[in-house]
Every structure is written in structure tokens, then in C-alpha cells.
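To be precise, the following lines are coords10.cif, and they hold mmCIF, C-alpha atoms and all ligand atoms.
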data_work
loop_
_atom_site.label_atom_id
_atom_site.label_comp_id
_atom_site.auth_asym_id
_atom_site.auth_seq_id
_atom_site.Cartn_x
_atom_site.Cartn_y
_atom_site.Cartn_z
CA MET A 1 -108.34 176.89 -47.38
CA ILE A 2 -108.69 173.15 -46.92
CA ARG A 3 -110.96 171.67 -49.57
CA LEU A 4 -113.40 169.69 -47.50
CA LYS A 5 -115.95 168.70 -50.04
CA HIS A 6 -114.13 165.58 -51.21
CA LEU A 7 -113.92 164.13 -47.74
CA ALA A 8 -116.52 161.86 -46.22
CA ALA A 9 -119.14 163.94 -44.40
CA GLY A 10 -118.26 162.62 -40.94
CA ALA A 11 -114.56 163.40 -41.26
CA ALA A 12 -115.38 166.78 -42.71
CA VAL A 13 -117.58 167.69 -39.77
CA GLY A 14 -114.74 166.77 -37.39
CA LEU A 15 -112.31 168.96 -39.31
CA LEU A 16 -114.75 171.82 -39.36
CA ALA A 17 -115.17 171.61 -35.63
CA LEU A 18 -111.39 171.85 -35.32
CA ALA A 19 -111.24 174.71 -37.78
CA SER A 20 -113.78 176.76 -35.88
CA ALA A 21 -112.13 175.93 -32.56
CA ALA A 22 -108.94 177.38 -34.04
CA GLY A 23 -110.83 180.59 -34.76
CA ALA A 24 -111.41 180.33 -38.52
CA GLY A 25 -114.87 181.71 -39.16
CA THR A 26 -117.15 181.23 -42.13
CA LEU A 27 -117.60 184.99 -42.49
CA ASP A 28 -113.82 185.40 -42.89
CA ASP A 29 -113.72 182.52 -45.35
CA VAL A 30 -116.53 184.05 -47.38
CA LYS A 31 -114.87 187.48 -47.39
CA ALA A 32 -111.54 185.95 -48.47
CA ARG A 33 -113.25 183.93 -51.20
CA GLY A 34 -115.15 186.99 -52.40
CA ALA A 35 -118.45 185.11 -52.71
CA VAL A 36 -120.97 183.26 -50.60
CA ASN A 37 -121.79 179.67 -51.55
CA CYS A 38 -125.51 179.36 -51.11
CA GLY A 39 -127.19 175.96 -51.19
CA VAL A 40 -130.50 176.12 -53.08
CA THR A 41 -132.85 173.54 -54.63
CA THR A 42 -132.19 172.05 -58.04
CA GLY A 43 -135.10 174.22 -59.17
CA LEU A 44 -138.44 175.07 -57.61
CA ALA A 45 -140.50 177.80 -59.31
CA GLY A 46 -140.86 180.95 -57.19
CA PHE A 47 -138.34 179.78 -54.58
CA ALA A 48 -135.15 179.09 -56.50
CA ALA A 49 -134.99 178.44 -60.21
CA PRO A 50 -132.71 179.49 -63.08
CA ASP A 51 -134.24 181.23 -66.13
CA ASP A 52 -133.27 180.56 -69.79
CA GLN A 53 -130.12 182.60 -69.27
CA GLY A 54 -129.18 180.64 -66.17
CA VAL A 55 -130.05 183.57 -63.85
CA TRP A 56 -131.41 182.28 -60.53
CA SER A 57 -134.33 183.96 -58.80
CA GLY A 58 -136.90 183.27 -56.11
CA LEU A 59 -137.75 183.83 -52.47
CA ASP A 60 -134.90 181.58 -51.31
CA VAL A 61 -132.51 183.10 -53.86
CA ASP A 62 -133.35 186.54 -52.44
CA LEU A 63 -132.06 185.33 -49.10
CA CYS A 64 -128.77 184.27 -50.72
CA ASN A 65 -128.63 187.69 -52.36
CA ALA A 66 -129.46 189.49 -49.12
CA VAL A 67 -126.47 187.86 -47.43
CA ALA A 68 -124.20 188.90 -50.31
CA ALA A 69 -125.61 192.43 -50.12
CA ALA A 70 -124.97 192.55 -46.37
CA ILE A 71 -121.37 191.35 -46.65
CA PHE A 72 -120.20 192.72 -50.00
CA GLY A 73 -122.81 195.31 -51.01
CA ASP A 74 -123.00 193.27 -54.23
CA ILE A 75 -125.61 190.62 -55.03
CA GLY A 76 -123.41 189.32 -57.83
CA LYS A 77 -121.16 187.74 -55.23
CA VAL A 78 -123.17 184.56 -54.77
CA LYS A 79 -122.56 181.09 -56.10
CA TYR A 80 -125.85 179.18 -56.16
CA VAL A 81 -125.21 175.52 -55.47
CA PRO A 82 -128.15 173.31 -56.47
CA THR A 83 -128.82 170.46 -54.05
CA THR A 84 -131.48 167.77 -53.98
CA ALA A 85 -133.36 167.14 -50.76
CA LYS A 86 -131.10 164.19 -50.01
CA GLU A 87 -127.79 165.90 -50.85
CA ARG A 88 -128.39 169.20 -49.05
CA PHE A 89 -127.25 168.21 -45.56
CA THR A 90 -123.98 166.65 -46.73
CA ALA A 91 -123.32 169.76 -48.81
CA LEU A 92 -123.64 171.90 -45.69
CA GLN A 93 -121.75 169.55 -43.35
CA SER A 94 -118.85 169.18 -45.77
CA GLY A 95 -118.44 172.93 -46.26
CA GLU A 96 -119.40 172.83 -49.94
CA VAL A 97 -122.00 175.49 -49.11
CA ASP A 98 -121.89 178.19 -46.44
CA PHE A 99 -125.58 177.93 -45.70
CA LEU A 100 -128.78 176.45 -47.06
CA ALA A 101 -131.60 178.67 -48.30
CA ARG A 102 -133.73 175.86 -49.50
CA ASN A 103 -137.25 175.08 -48.22
CA THR A 104 -135.80 173.11 -45.32
CA THR A 105 -138.05 172.36 -42.38
CA ILE A 106 -136.75 172.99 -38.87
CA THR A 107 -136.88 169.67 -37.02
CA PHE A 108 -135.48 168.39 -33.75
CA SER A 109 -133.17 165.79 -35.30
CA ARG A 110 -131.79 168.15 -37.94
CA ASP A 111 -131.06 170.70 -35.24
CA THR A 112 -129.47 168.24 -32.79
CA ASP A 113 -128.33 165.03 -34.44
CA LEU A 114 -127.28 166.48 -37.80
CA GLY A 115 -125.61 169.40 -36.04
CA PHE A 116 -127.21 172.42 -37.66
CA ASP A 117 -128.53 175.74 -36.45
CA PHE A 118 -131.73 177.05 -37.99
CA VAL A 119 -131.55 180.81 -37.89
CA GLY A 120 -135.06 181.87 -38.88
CA VAL A 121 -138.12 181.09 -40.93
CA ASN A 122 -138.56 182.59 -44.38
CA TYR A 123 -141.74 180.64 -45.17
CA TYR A 124 -144.22 179.09 -42.73
CA ASP A 125 -145.65 176.10 -44.50
CA GLY A 126 -147.38 172.75 -44.09
CA GLN A 127 -147.64 169.61 -46.18
CA GLY A 128 -150.48 169.04 -48.61
CA PHE A 129 -151.62 166.86 -51.52
CA MET A 130 -152.40 167.52 -55.16
CA VAL A 131 -154.55 165.29 -57.36
CA ARG A 132 -156.14 165.47 -60.81
CA SER A 133 -159.64 166.93 -60.55
CA ALA A 134 -160.73 164.00 -62.72
CA LEU A 135 -159.87 161.62 -59.86
CA GLY A 136 -162.96 162.90 -58.08
CA VAL A 137 -161.29 163.01 -54.67
CA ASP A 138 -161.97 166.05 -52.46
CA SER A 139 -160.16 165.06 -49.27
CA ALA A 140 -156.81 163.54 -48.37
CA LEU A 141 -158.73 161.14 -46.14
CA LYS A 142 -160.11 159.53 -49.30
CA LEU A 143 -156.64 158.65 -50.60
CA GLY A 144 -156.56 155.15 -49.04
CA GLY A 145 -154.95 152.72 -51.52
CA ALA A 146 -153.77 155.60 -53.74
CA SER A 147 -150.27 155.81 -55.19
CA VAL A 148 -148.47 158.96 -54.08
CA CYS A 149 -145.37 160.49 -55.72
CA VAL A 150 -142.93 161.83 -53.12
CA GLN A 151 -139.32 162.95 -52.87
CA THR A 152 -136.89 161.10 -50.65
CA GLY A 153 -134.72 162.72 -47.97
CA THR A 154 -137.61 164.93 -46.88
CA THR A 155 -139.94 165.36 -43.95
CA THR A 156 -142.62 164.92 -46.63
CA GLU A 157 -141.85 161.23 -47.02
CA LEU A 158 -142.00 160.66 -43.25
CA ASN A 159 -145.19 162.67 -42.70
CA LEU A 160 -146.85 160.83 -45.56
CA ALA A 161 -146.22 157.47 -43.91
CA ASP A 162 -147.37 158.82 -40.51
CA TYR A 163 -150.57 160.27 -41.93
CA PHE A 164 -151.64 157.15 -43.79
CA ARG A 165 -150.80 154.94 -40.80
CA ALA A 166 -152.60 157.21 -38.32
CA ASN A 167 -155.70 157.18 -40.51
CA GLY A 168 -155.58 153.43 -41.21
CA MET A 169 -155.12 153.95 -44.95
CA GLU A 170 -153.08 151.78 -47.31
CA LEU A 171 -150.21 153.72 -48.92
CA LYS A 172 -148.38 153.04 -52.16
CA SER A 173 -145.63 155.61 -52.14
CA VAL A 174 -143.60 156.07 -55.31
CA VAL A 175 -140.29 157.58 -54.24
CA PHE A 176 -137.92 159.78 -56.27
CA GLU A 177 -134.64 161.47 -55.51
CA LYS A 178 -135.20 164.52 -57.73
CA ASN A 179 -138.30 166.67 -57.54
CA GLU A 180 -138.33 167.03 -61.30
CA GLU A 181 -138.65 163.25 -61.63
CA ALA A 182 -141.41 163.12 -59.02
CA ARG A 183 -143.33 165.92 -60.72
CA GLN A 184 -142.95 164.38 -64.18
CA ALA A 185 -144.05 160.97 -62.93
CA TYR A 186 -147.16 162.55 -61.42
CA ASP A 187 -147.79 164.61 -64.57
CA GLU A 188 -147.58 161.45 -66.67
CA GLY A 189 -150.21 159.79 -64.49
CA ARG A 190 -147.89 157.31 -62.78
CA CYS A 191 -149.24 158.38 -59.35
CA ASP A 192 -152.74 159.31 -58.22
CA ALA A 193 -151.43 162.06 -55.96
CA TYR A 194 -148.37 164.21 -55.39
CA THR A 195 -147.36 165.45 -51.97
CA THR A 196 -144.97 168.10 -50.69
CA ASP A 197 -145.06 171.40 -48.78
CA ALA A 198 -148.08 173.45 -49.88
CA SER A 199 -145.76 176.11 -51.33
CA GLY A 200 -144.01 173.37 -53.31
CA LEU A 201 -147.37 172.12 -54.58
CA ALA A 202 -148.20 175.60 -55.87
CA ALA A 203 -144.74 175.81 -57.45
CA GLU A 204 -144.92 172.39 -59.08
CA ARG A 205 -148.51 172.83 -60.22
CA SER A 206 -147.52 176.03 -62.03
CA VAL A 207 -145.18 174.02 -64.28
CA LEU A 208 -147.40 170.99 -64.97
CA LYS A 209 -148.64 170.47 -68.54
CA ALA A 210 -152.18 171.60 -67.60
CA PRO A 211 -152.14 173.26 -64.16
CA ALA A 212 -155.91 173.85 -64.18
CA ASP A 213 -156.56 170.10 -64.32
CA HIS A 214 -155.16 169.65 -60.81
CA ILE A 215 -156.50 170.58 -57.40
CA ILE A 216 -154.81 170.95 -54.04
CA LEU A 217 -156.73 169.08 -51.34
CA PRO A 218 -157.80 171.05 -48.24
CA GLU A 219 -155.87 169.08 -45.58
CA ILE A 220 -152.56 170.42 -44.31
CA ILE A 221 -151.04 167.46 -42.47
CA SER A 222 -147.94 168.95 -40.83
CA LYS A 223 -146.06 172.04 -39.72
CA GLU A 224 -143.20 172.91 -42.06
CA PRO A 225 -141.40 176.01 -40.85
CA LEU A 226 -138.93 176.53 -43.71
CA GLY A 227 -135.80 178.53 -43.14
CA PRO A 228 -132.08 178.98 -43.60
CA LEU A 229 -129.57 176.85 -41.68
CA VAL A 230 -125.87 176.83 -40.92
CA ARG A 231 -123.45 174.39 -39.30
CA HIS A 232 -123.26 174.23 -35.53
CA GLY A 233 -120.33 176.04 -33.98
CA ASP A 234 -120.01 179.33 -35.83
CA ASN A 235 -122.38 181.70 -34.09
CA ASN A 236 -121.16 184.82 -35.83
CA TRP A 237 -121.97 183.32 -39.20
CA GLY A 238 -125.39 182.26 -37.95
CA ASP A 239 -125.95 185.85 -36.80
CA VAL A 240 -125.18 187.20 -40.27
CA ILE A 241 -127.80 184.98 -41.91
CA ARG A 242 -130.37 185.49 -39.12
CA TRP A 243 -130.14 189.28 -39.25
CA SER A 244 -130.08 189.45 -43.03
CA LEU A 245 -133.50 187.79 -42.97
CA ASN A 246 -134.64 189.87 -40.00
CA ALA A 247 -133.62 193.08 -41.77
CA MET A 248 -135.96 192.22 -44.66
CA ILE A 249 -138.82 191.52 -42.25
CA ILE A 250 -138.19 194.64 -40.15
CA ALA A 251 -137.97 196.81 -43.27
CA GLU A 252 -141.42 195.65 -44.31
CA GLU A 253 -142.80 196.27 -40.83
CA PHE A 254 -141.56 199.87 -40.93
CA GLY A 255 -142.53 200.52 -44.55
CA VAL A 256 -138.97 200.69 -45.87
CA THR A 257 -138.96 199.56 -49.51
CA GLN A 258 -136.48 199.23 -52.34
CA ALA A 259 -137.97 202.38 -53.86
CA ASN A 260 -138.01 204.59 -50.75
CA VAL A 261 -134.90 203.39 -48.88
CA ASP A 262 -132.77 206.39 -49.92
CA ASP A 263 -135.48 208.74 -48.83
CA GLN A 264 -135.88 206.90 -45.53
CA LEU A 265 -132.14 207.01 -44.95
CA ALA A 266 -132.10 210.77 -45.51
CA THR A 267 -135.27 211.77 -43.72
CA SER A 268 -136.69 209.08 -41.39
CA GLN A 269 -137.04 210.17 -37.79
CA ASN A 270 -137.89 206.64 -36.63
CA PRO A 271 -134.97 205.57 -34.39
CA GLU A 272 -135.25 201.90 -35.36
CA VAL A 273 -135.29 202.71 -39.07
CA ARG A 274 -132.27 204.95 -38.52
CA ARG A 275 -130.40 202.14 -36.75
CA LEU A 276 -131.48 199.64 -39.42
CA LEU A 277 -130.18 201.79 -42.26
CA GLY A 278 -127.00 202.84 -40.48
CA ALA A 279 -127.99 206.50 -40.15
CA GLU A 280 -127.45 206.12 -36.41
CA GLY A 281 -125.12 203.89 -34.42
CA GLU A 282 -122.66 201.25 -35.60
CA MET A 283 -124.80 198.14 -35.62
CA GLY A 284 -123.09 196.50 -38.60
CA LYS A 285 -119.72 196.37 -36.87
CA MET A 286 -121.16 194.22 -34.10
CA ALA A 287 -121.74 191.45 -36.63
CA GLY A 288 -118.54 191.98 -38.63
CA LEU A 289 -120.48 193.75 -41.40
CA PRO A 290 -120.32 197.20 -43.00
CA ASN A 291 -122.62 199.74 -41.37
CA GLU A 292 -124.78 199.91 -44.50
CA TRP A 293 -125.38 196.12 -44.44
CA ALA A 294 -129.16 196.40 -44.08
CA TYR A 295 -129.45 199.46 -46.33
CA ASN A 296 -127.76 197.39 -49.05
CA ILE A 297 -130.15 194.47 -48.50
CA ILE A 298 -133.21 196.69 -48.93
CA LYS A 299 -131.71 198.65 -51.82
CA MET A 300 -130.55 195.58 -53.72
CA VAL A 301 -133.12 192.94 -52.78
CA GLY A 302 -136.09 194.70 -51.18
CA ASN A 303 -138.06 193.99 -48.03
CA TYR A 304 -139.65 190.63 -47.21
CA GLY A 305 -143.09 191.59 -48.55
CA GLU A 306 -141.61 192.83 -51.82
CA SER A 307 -139.67 189.61 -52.22
CA PHE A 308 -142.78 187.54 -51.40
CA GLU A 309 -145.01 189.38 -53.90
CA ARG A 310 -142.37 189.35 -56.63
CA HIS A 311 -141.78 185.61 -56.53
CA VAL A 312 -144.65 183.69 -54.96
CA GLY A 313 -147.50 186.16 -54.29
CA LEU A 314 -151.00 186.47 -55.75
CA LYS A 315 -149.78 188.07 -58.98
CA THR A 316 -147.34 185.23 -59.74
CA PRO A 317 -148.15 181.79 -61.20
CA LEU A 318 -147.92 180.37 -57.65
CA GLN A 319 -150.68 182.72 -56.38
CA LEU A 320 -149.82 182.24 -52.72
CA ALA A 321 -151.58 184.44 -50.17
CA ARG A 322 -149.51 185.85 -47.33
CA GLY A 323 -151.41 183.79 -44.73
CA LEU A 324 -149.07 182.82 -41.89
CA ASN A 325 -146.29 184.69 -43.69
CA GLU A 326 -147.89 188.04 -42.97
CA GLN A 327 -146.46 190.46 -40.41
CA TRP A 328 -147.49 189.84 -36.77
CA SER A 329 -149.15 193.27 -36.79
CA LYS A 330 -151.47 192.02 -39.56
CA GLY A 331 -152.33 188.65 -38.06
CA GLY A 332 -149.38 186.63 -39.36
CA LEU A 333 -146.38 184.99 -37.71
CA LEU A 334 -143.57 187.26 -38.92
CA TYR A 335 -142.17 188.88 -35.81
CA ALA A 336 -138.56 189.99 -36.13
CA PRO A 337 -136.76 191.09 -32.96
CA PRO A 338 -135.72 194.74 -32.79
CA ILE A 339 -132.54 196.28 -34.15
CA ARG A 340 -131.13 197.73 -30.98
N1 LIG B 1 -139.58 170.91 -46.30
C1 LIG B 1 -139.30 169.53 -46.57
C2 LIG B 1 -139.26 169.23 -48.07
C3 LIG B 1 -138.26 170.07 -48.80
C4 LIG B 1 -137.97 169.60 -50.23
O1 LIG B 1 -136.81 169.32 -50.56
N2 LIG B 1 -139.00 169.55 -51.07
C5 LIG B 1 -138.80 169.10 -52.42
C6 LIG B 1 -140.11 168.98 -53.14
S1 LIG B 1 -140.93 170.55 -53.39
C7 LIG B 1 -137.86 170.06 -53.15
O2 LIG B 1 -137.84 171.23 -52.91
N3 LIG B 1 -137.08 169.55 -54.04
C8 LIG B 1 -136.20 170.35 -54.81
C9 LIG B 1 -134.94 169.61 -55.15
O3 LIG B 1 -134.72 168.49 -54.69
O4 LIG B 1 -134.14 170.20 -55.89
C10 LIG B 1 -137.99 169.14 -45.93
O5 LIG B 1 -137.28 170.03 -45.42
O6 LIG B 1 -137.65 167.95 -45.91
#
What does the file become when written as C-alpha cells?
Ligand SMILES: N[C@@H](CCC(=O)N[C@@H](CS)C(=O)NCC(=O)O)C(=O)O
Amino acid sequence: MIRLKHLAAGAAVGLLALASAAGAGTLDDVKARGAVNCGVTTGLAGFAAPDDQGVWSGLDVDLCNAVAAAIFGDIGKVKYVPTTAKERFTALQSGEVDFLARNTTITFSRDTDLGFDFVGVNYYDGQGFMVRSALGVDSALKLGGASVCVQTGTTTELNLADYFRANGMELKSVVFEKNEEARQAYDEGRCDAYTTDASGLAAERSVLKAPADHIILPEIISKEPLGPLVRHGDNNWGDVIRWSLNAMIIAEEFGVTQANVDDQLATSQNPEVRRLLGAEGEMGKMAGLPNEWAYNIIKMVGNYGESFERHVGLKTPLQLARGLNEQWSKGGLLYAPPIR
């Protein structure tokens, strides 16, 4: 395989376009390599972070693992590639990673100009602010003149400028390339406020020196639908990622869990569950996957709700409620198309 990652991003994109025109698909590359290269953050509690042993886990990591389960039936076959907000798009364009599972907001320009395909949403979010309680501020609209720590290469940085301008407030943004630096600077009192996606605020607050000394302000200033993305031009590969996520969402909808999946496979009379788990039909083949692709995802990773509760839910340090990330049938936005 041509090593693309050392080439300039623009040239690499051109070569990739040629490669896919010639028929080489990412799924074949991944199968031949024996592992999927999954672009994650450099570390964000609950979403993607390594433990003391270097073992990665989180809601985004589960998506990497789900794809490996679907293709290989083995969640060990993932290489997690840490990327900062700024680096992530070059990593995907150059072929260094096969997809990004990394709190990336779907936007028009990323979809069109940068040449990516967003294949789903694994966390519906919006941008917020965190301050020290001692600052005595209870609304983002009272942040005029405040210094705000923010990470570059993000929608966060752009929304921040928009919000302050729209509300006629003076902004002193303090910009960092790494989220760890931004968080530390805020923790050391170098900024009055810290801003990112609300899920990121919960994640970062959980690792501050004294989490209880900080509050998250009530305003949510943007829509941040976060989800996995692939390069333009390889629809089959996009399908694999899209349906790996959908399988987790559908499994939750139908009550298929890591614990009961074998039982469901053996006894479920629900036609959609039977198709999902490969008891009926040959759905996997249509996507170039084994027939037990979704069974393996549920068995090895769990359904969406299980993944959510395990990593970011109310019983974790992040304490995030399901909110918009609840199933459509329970008032949320998760609505996966049928397996048929
Ligand atoms: N959703 C926003 C922000 C995503 C983002 O990168 N947020 C930061 C702050 S929470 C982050 O995850 N950084 C982790 C890193 O750079 O490793 C975007 O897509 O631009």
C-alpha cells in the first residue's frame, strides 16, 4: 500500500481520489492490514482516554471497537491514533486514519470543502461555558471582558467569537492547540472561563483539581452534532461505519444487550432483531461484512445505551443525562433507520 501520510495533505487527497477510482477500497485495505486505524482525541475523559496501562476507553472508543467487531469479530484489531482538534482533518485526508471517532461537529464546510462524509451522530451536543463559582457569574451573557480559554481548530473557537460579537461583548480569547493545555491554563486561573462542547466541559471538569469549585453556565450557544466521518469517495466504507453505529442504536431500541444477545439470537421472534443478529437473511454480505457483524458489535461492545451509561452517564464522573441522546421513542433524537 502506498504510504500517504508523509505527503502534503493536498497531494494525498488527489492520490486517494485516484486510488478509489481504481477500485481500491478502505474496507479492503483495513482487512489486508488486519486492523482499523481509528482517529480519536489526545484524551478526553469518558469519550476517548487511555488508562494507566495505556488501554483506551470511552464512547468514541466504543465506536472504533464496534467497527473492528463488525469487520474482524475482534475488538483488539484497532489502532487508536490520537489527534488534536487541528490535526484531525489532515490525519483523515492523508489516510493516516481510516475514520475519525472524535467529537467532531458536522458542519457544511467540513462536509463540502474539506471533502468528508459524516455518517451519523453518536452524541448530540452544544457549546457551553464553565467558570469558577467564586467568579460570581451565573450567565454567559455576563462574560463581557472575560478571558476565555479555548482550543484552536474547532467550531468552539468560531462560535465563541460569534457569540461575543452578536451580544456586543468584549472577548479576550486565550487560544491553545492541545485541550490539556487549555484545561490546565483554566485550572491555574489564567482564564476566567473555559468553553467547549457541553460534553467536553463535563469531561474536563471531572479532571480539574477541584471539580466542585466550577459551574457550567446555563447557556448552550450552538448545535454540535458530533459523529464519525470518513473521506469522500468511498461509500462502502462510509456504510460500514454508519451501520456499525446504527446497529448499536437499533439494539438498544429493541432491548438487545451485551448480556442477552445470545438469548435473543436463539429465541427472538422479532424479524428486525433476527435480521440484525444474522439469524435471518444475509444482511452482512451486502456491506462486505460477515453475517454476524452486528451480533459481534453487541456481544463485544454493547448497545448504544450501555456504552453511554458505562462511559459518560449519570453513574460516571461526567454525570451526563441522556437528554437529546435518548431514543426517539423516549423523547430523544436517536432514530436509526431499519435493518431491512
Ligand atoms: N466539536 C468541536 C470541538 C471538538 C474538540 O476537538 N474539542 C476539544 C475540546 S473538548 C477536544 O476534544 N480536544 C481533544 C484533543 O485535542 O485531543 C469541533 O468539532 O470542532
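Note that the spacing between atom CA of A:Asp29 and atom CA of A:Glu292 amounts to 20.6 Å.
When only C-alpha atoms and all ligand atoms are used to measure the gap to ligand LIG 1 (chain B), the shortest distance among A:Ser109, A:Gln319, A:Asn291, A:Gln151 belongs to A:Gln151.
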So, counting all atoms listed in the file, which residue among A:Asp98, A:Glu253, A:Asp117, A:Glu204 is closest to A:Asp187? A:Glu204
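You can rank A:Ala32, A:Ala134, A:Ala161, A:Ala198 by their closest distance to ligand LIG 1 (chain B) using only C-alpha atoms and all ligand atoms, and at the top of that list sits A:Ala198.
Between ligand LIG 1 (chain B) and the candidates A:Lys31, A:Phe176, A:Lys77, A:Ser147, the tightest atom-to-atom separation, counting all atoms listed in the file, involves A:Phe176.
The gap separating atom CA of A:Gly144 from atom CA of A:Glu170 is 5.1 Å, in Å to one decimal.
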Could you name the residues that touch A:Phe308 at 10 Å or less, counting all atoms listed in the file, but leaving out those on the same chain fewer than 5 positions away, as number ranges by chain? A: 46-47, 58-60, 62, 122-123, 302-303, 313-314, 316, 320-322, 325-326
Can you tell me which residues sit at most 9 Å away from ligand LIG 1 (chain B), counting only C-alpha atoms and all ligand atoms, written as a PyMOL selection string? chain A and resi 40-44+47-48+82-88+102-107+125-127+150-158+177-180+182-183+195-201+203-204+224-227
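The space between atom CA of A:Ile75 and atom CA of A:Thr257 spans 17.0 Å.
Non-sequential neighbours of A:Gln184 (distance at most 10 Å, separation of 6 or more positions within a chain, all atoms listed in the file) are Cys149, Arg190, Cys191, Glu204, Val207, Leu208 and Lys209 of chain A.
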